[in-house]
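Peer 1: Once you've had a glance at the structure underneath, I'll fire off some questions.
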Amino acid sequence: MLMFWSFWFTPVAALVIGLTSSTLWLSVVGGGAFAFYTLGECVAWWRNRRQWLPAVCWPLGAVLFAVGFVRSTALAQRNKGVRWRGTFYPLDELKAGRRLQM
C-alpha cells in the first residue's frame, strides 16, 4: 500500500507542500507531474474508449481503490480467511499454497 500511495500521490503531495512552504520549484515539479499524469490518462482513455471524465477523475478512483484494498485486507485478517463466490478459503490454506514465500 505504501508503494501505491507513493506512486499515485507523490505529485499531489509535492504540489501541496510546495504551495504551503513557499518553495516554488517543488510546487512546479509537483504540478507538472500531476498535469503530465492527468494528460497521459486522458490520452489513454481517449484512444481506448473515447471517454474523458474517468481520466480526469483519476485521483478519486485512486482513493476509492486504496479504501477498498485496506478494507478487504482488514476483513480477511479479521475473518481469518476470504469468502469468494460462496466458498470460504482460510488464510492458512492460502498461505500454504502460495508460490512466493515472504
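A note on labels: chains of the C-alpha cells are A, B, ... as shown, every chain counts residues from 1, and ligands are counted from 1 in their shown order.
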From the DSSP assignment of the backbone, select every residue of chain A that is strand (DSSP E or B), and format the answer as a list of chain:residue names.

Peer 2: A:Gly81, A:Val82, A:Arg83, A:Trp84, A:Thr87, A:Phe88, A:Tyr89, A:Pro90

Peer 1: With N, CA, C and O atoms retained, could you export that selection as a PDB file, in the first residue's frame?

Peer 2:
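Wrote again.pdb, looks like this:
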```
ATOM      1  N   GLY A  81      -9.700 -15.402   6.825  1.00  0.00           N
ATOM      2  CA  GLY A  81      -9.914 -16.045   5.542  1.00  0.00           C
ATOM      3  C   GLY A  81     -10.640 -15.128   4.590  1.00  0.00           C
ATOM      4  O   GLY A  81     -10.975 -13.992   4.918  1.00  0.00           O
ATOM      5  N   VAL A  82     -10.888 -15.667   3.400  1.00  0.00           N
ATOM      6  CA  VAL A  82     -11.522 -14.901   2.332  1.00  0.00           C
ATOM      7  C   VAL A  82     -12.719 -15.691   1.813  1.00  0.00           C
ATOM      8  O   VAL A  82     -12.624 -16.898   1.572  1.00  0.00           O
ATOM      9  N   ARG A  83     -13.854 -15.019   1.668  1.00  0.00           N
ATOM     10  CA  ARG A  83     -15.017 -15.643   1.051  1.00  0.00           C
ATOM     11  C   ARG A  83     -15.060 -15.198  -0.401  1.00  0.00           C
ATOM     12  O   ARG A  83     -15.106 -14.011  -0.708  1.00  0.00           O
ATOM     13  N   TRP A  84     -15.043 -16.174  -1.312  1.00  0.00           N
ATOM     14  CA  TRP A  84     -15.038 -15.882  -2.732  1.00  0.00           C
ATOM     15  C   TRP A  84     -16.073 -16.764  -3.412  1.00  0.00           C
ATOM     16  O   TRP A  84     -15.978 -17.989  -3.390  1.00  0.00           O
ATOM     17  N   THR A  87     -17.613 -19.607  -1.343  1.00  0.00           N
ATOM     18  CA  THR A  87     -16.697 -20.564  -0.727  1.00  0.00           C
ATOM     19  C   THR A  87     -15.742 -19.808   0.183  1.00  0.00           C
ATOM     20  O   THR A  87     -15.208 -18.774  -0.191  1.00  0.00           O
ATOM     21  N   PHE A  88     -15.526 -20.360   1.393  1.00  0.00           N
ATOM     22  CA  PHE A  88     -14.610 -19.735   2.336  1.00  0.00           C
ATOM     23  C   PHE A  88     -13.240 -20.387   2.211  1.00  0.00           C
ATOM     24  O   PHE A  88     -13.107 -21.612   2.243  1.00  0.00           O
ATOM     25  N   TYR A  89     -12.197 -19.556   2.063  1.00  0.00           N
ATOM     26  CA  TYR A  89     -10.825 -20.020   1.953  1.00  0.00           C
ATOM     27  C   TYR A  89     -10.045 -19.512   3.164  1.00  0.00           C
ATOM     28  O   TYR A  89      -9.804 -18.312   3.281  1.00  0.00           O
ATOM     29  N   PRO A  90      -9.648 -20.394   4.079  1.00  0.00           N
ATOM     30  CA  PRO A  90      -8.879 -19.958   5.249  1.00  0.00           C
ATOM     31  C   PRO A  90      -7.503 -19.423   4.840  1.00  0.00           C
ATOM     32  O   PRO A  90      -6.892 -19.902   3.875  1.00  0.00           O
TER      33      PRO A  90
END
```

Peer 1: Env of Ala14 of chain A: 10 Å cut, atoms = only C-alpha atoms, seq-sep filter 5 positions within chain, self excluded. Answer as a PyMOL selection string.

Peer 2: chain A and resi 9+19-20+23+25-31+33-34

Peer 1: As an exercise, work out the distance from atom CA of Val67 of chain A to atom CA of Lys95 of chain A in Å and give it to one decimal place.

Peer 2: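 Separation of atom CA of Val67 of chain A and atom CA of Lys95 of chain A: 23.6 Å.
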
Peer 1: If you count only C-alpha atoms, which residues fall within 12 Å of Ala66 of chain A, apart from same-chain ones fewer than 6 positions away, as an MDAnalysis selection string?

Peer 2: chainID A and resid 1:6 8:9 59:60 72:73

Peer 1: Would you please extract all alpha helix (DSSP H) residues from chain A, as assigned by DSSP on the backbone, and give them as a PyMOL selection string?

Peer 2: chain A and resi 2-20+24-48+53-56+58-79+91-96

Peer 1: Keeping only C-alpha atoms, write the selected residues to a file as an mmCIF file, in the first residue's frame.

Peer 2:
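Written out: part32.cif:
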```cif
data_model
loop_
_atom_site.group_PDB
_atom_site.id
_atom_site.type_symbol
_atom_site.label_atom_id
_atom_site.label_comp_id
_atom_site.auth_asym_id
_atom_site.auth_seq_id
_atom_site.Cartn_x
_atom_site.Cartn_y
_atom_site.Cartn_z
ATOM 1 C CA LEU A 2 2.912 2.331 0.671
ATOM 2 C CA MET A 3 4.164 1.840 -2.883
ATOM 3 C CA PHE A 4 0.703 2.584 -4.222
ATOM 4 C CA TRP A 5 0.403 5.794 -2.218
ATOM 5 C CA SER A 6 3.899 6.929 -3.112
ATOM 6 C CA PHE A 7 3.318 6.341 -6.827
ATOM 7 C CA TRP A 8 -0.101 7.947 -7.098
ATOM 8 C CA PHE A 9 0.073 10.788 -4.630
ATOM 9 C CA THR A 10 3.673 11.990 -4.701
ATOM 10 C CA PRO A 11 2.865 14.693 -7.290
ATOM 11 C CA VAL A 12 -0.090 15.901 -5.234
ATOM 12 C CA ALA A 13 1.969 15.950 -2.034
ATOM 13 C CA ALA A 14 4.783 17.858 -3.756
ATOM 14 C CA LEU A 15 2.304 20.402 -5.086
ATOM 15 C CA VAL A 16 0.661 20.934 -1.695
ATOM 16 C CA ILE A 17 3.937 21.067 0.240
ATOM 17 C CA GLY A 18 5.426 23.433 -2.309
ATOM 18 C CA LEU A 19 2.466 25.782 -2.089
ATOM 19 C CA THR A 20 2.326 25.785 1.704
ATOM 20 C CA LEU A 24 8.356 27.406 -5.863
ATOM 21 C CA TRP A 25 10.408 24.664 -7.504
ATOM 22 C CA LEU A 26 8.671 21.922 -5.518
ATOM 23 C CA SER A 27 5.214 23.174 -6.429
ATOM 24 C CA VAL A 28 6.228 23.480 -10.100
ATOM 25 C CA VAL A 29 7.590 19.926 -10.157
ATOM 26 C CA GLY A 30 4.536 18.549 -8.330
ATOM 27 C CA GLY A 31 2.082 20.458 -10.514
ATOM 28 C CA GLY A 32 3.928 19.450 -13.669
ATOM 29 C CA ALA A 33 3.949 15.789 -12.672
ATOM 30 C CA PHE A 34 0.259 15.925 -11.766
ATOM 31 C CA ALA A 35 -0.603 17.613 -15.084
ATOM 32 C CA PHE A 36 1.575 15.203 -17.058
ATOM 33 C CA TYR A 37 -0.042 12.182 -15.414
ATOM 34 C CA THR A 38 -3.550 13.563 -15.963
ATOM 35 C CA LEU A 39 -2.718 14.261 -19.614
ATOM 36 C CA GLY A 40 -1.431 10.706 -20.006
ATOM 37 C CA GLU A 41 -4.627 9.346 -18.503
ATOM 38 C CA CYS A 42 -6.734 11.496 -20.843
ATOM 39 C CA VAL A 43 -4.807 10.330 -23.904
ATOM 40 C CA ALA A 44 -5.086 6.682 -22.887
ATOM 41 C CA TRP A 45 -8.815 6.893 -22.215
ATOM 42 C CA TRP A 46 -9.443 8.824 -25.412
ATOM 43 C CA ARG A 47 -7.555 6.290 -27.518
ATOM 44 C CA ASN A 48 -9.215 3.298 -25.894
ATOM 45 C CA LEU A 53 -14.367 12.068 -17.486
ATOM 46 C CA PRO A 54 -12.837 8.943 -15.861
ATOM 47 C CA ALA A 55 -9.387 10.132 -16.902
ATOM 48 C CA VAL A 56 -9.844 13.486 -15.200
ATOM 49 C CA TRP A 58 -8.224 9.548 -11.536
ATOM 50 C CA PRO A 59 -7.420 10.906 -8.049
ATOM 51 C CA LEU A 60 -10.894 9.947 -6.808
ATOM 52 C CA GLY A 61 -10.506 6.488 -8.329
ATOM 53 C CA ALA A 62 -7.142 6.058 -6.647
ATOM 54 C CA VAL A 63 -8.597 6.956 -3.247
ATOM 55 C CA LEU A 64 -11.522 4.557 -3.733
ATOM 56 C CA PHE A 65 -9.128 1.792 -4.774
ATOM 57 C CA ALA A 66 -6.998 2.372 -1.674
ATOM 58 C CA VAL A 67 -10.027 2.298 0.625
ATOM 59 C CA GLY A 68 -11.240 -0.948 -0.941
ATOM 60 C CA PHE A 69 -7.797 -2.502 -0.672
ATOM 61 C CA VAL A 70 -7.410 -1.631 3.016
ATOM 62 C CA ARG A 71 -10.972 -2.751 3.783
ATOM 63 C CA SER A 72 -10.577 -6.120 2.093
ATOM 64 C CA THR A 73 -7.272 -6.713 3.871
ATOM 65 C CA ALA A 74 -8.803 -5.854 7.249
ATOM 66 C CA LEU A 75 -11.801 -8.136 6.634
ATOM 67 C CA ALA A 76 -9.570 -11.027 5.575
ATOM 68 C CA GLN A 77 -7.465 -10.629 8.718
ATOM 69 C CA ARG A 78 -10.499 -10.319 10.989
ATOM 70 C CA ASN A 79 -12.290 -13.335 9.479
ATOM 71 C CA LEU A 91 -5.714 -17.857 5.287
ATOM 72 C CA ASP A 92 -3.634 -20.839 6.443
ATOM 73 C CA GLU A 93 -4.551 -22.805 3.314
ATOM 74 C CA LEU A 94 -3.969 -19.803 1.080
ATOM 75 C CA LYS A 95 -0.537 -19.178 2.611
ATOM 76 C CA ALA A 96 0.391 -22.862 2.267
#
```
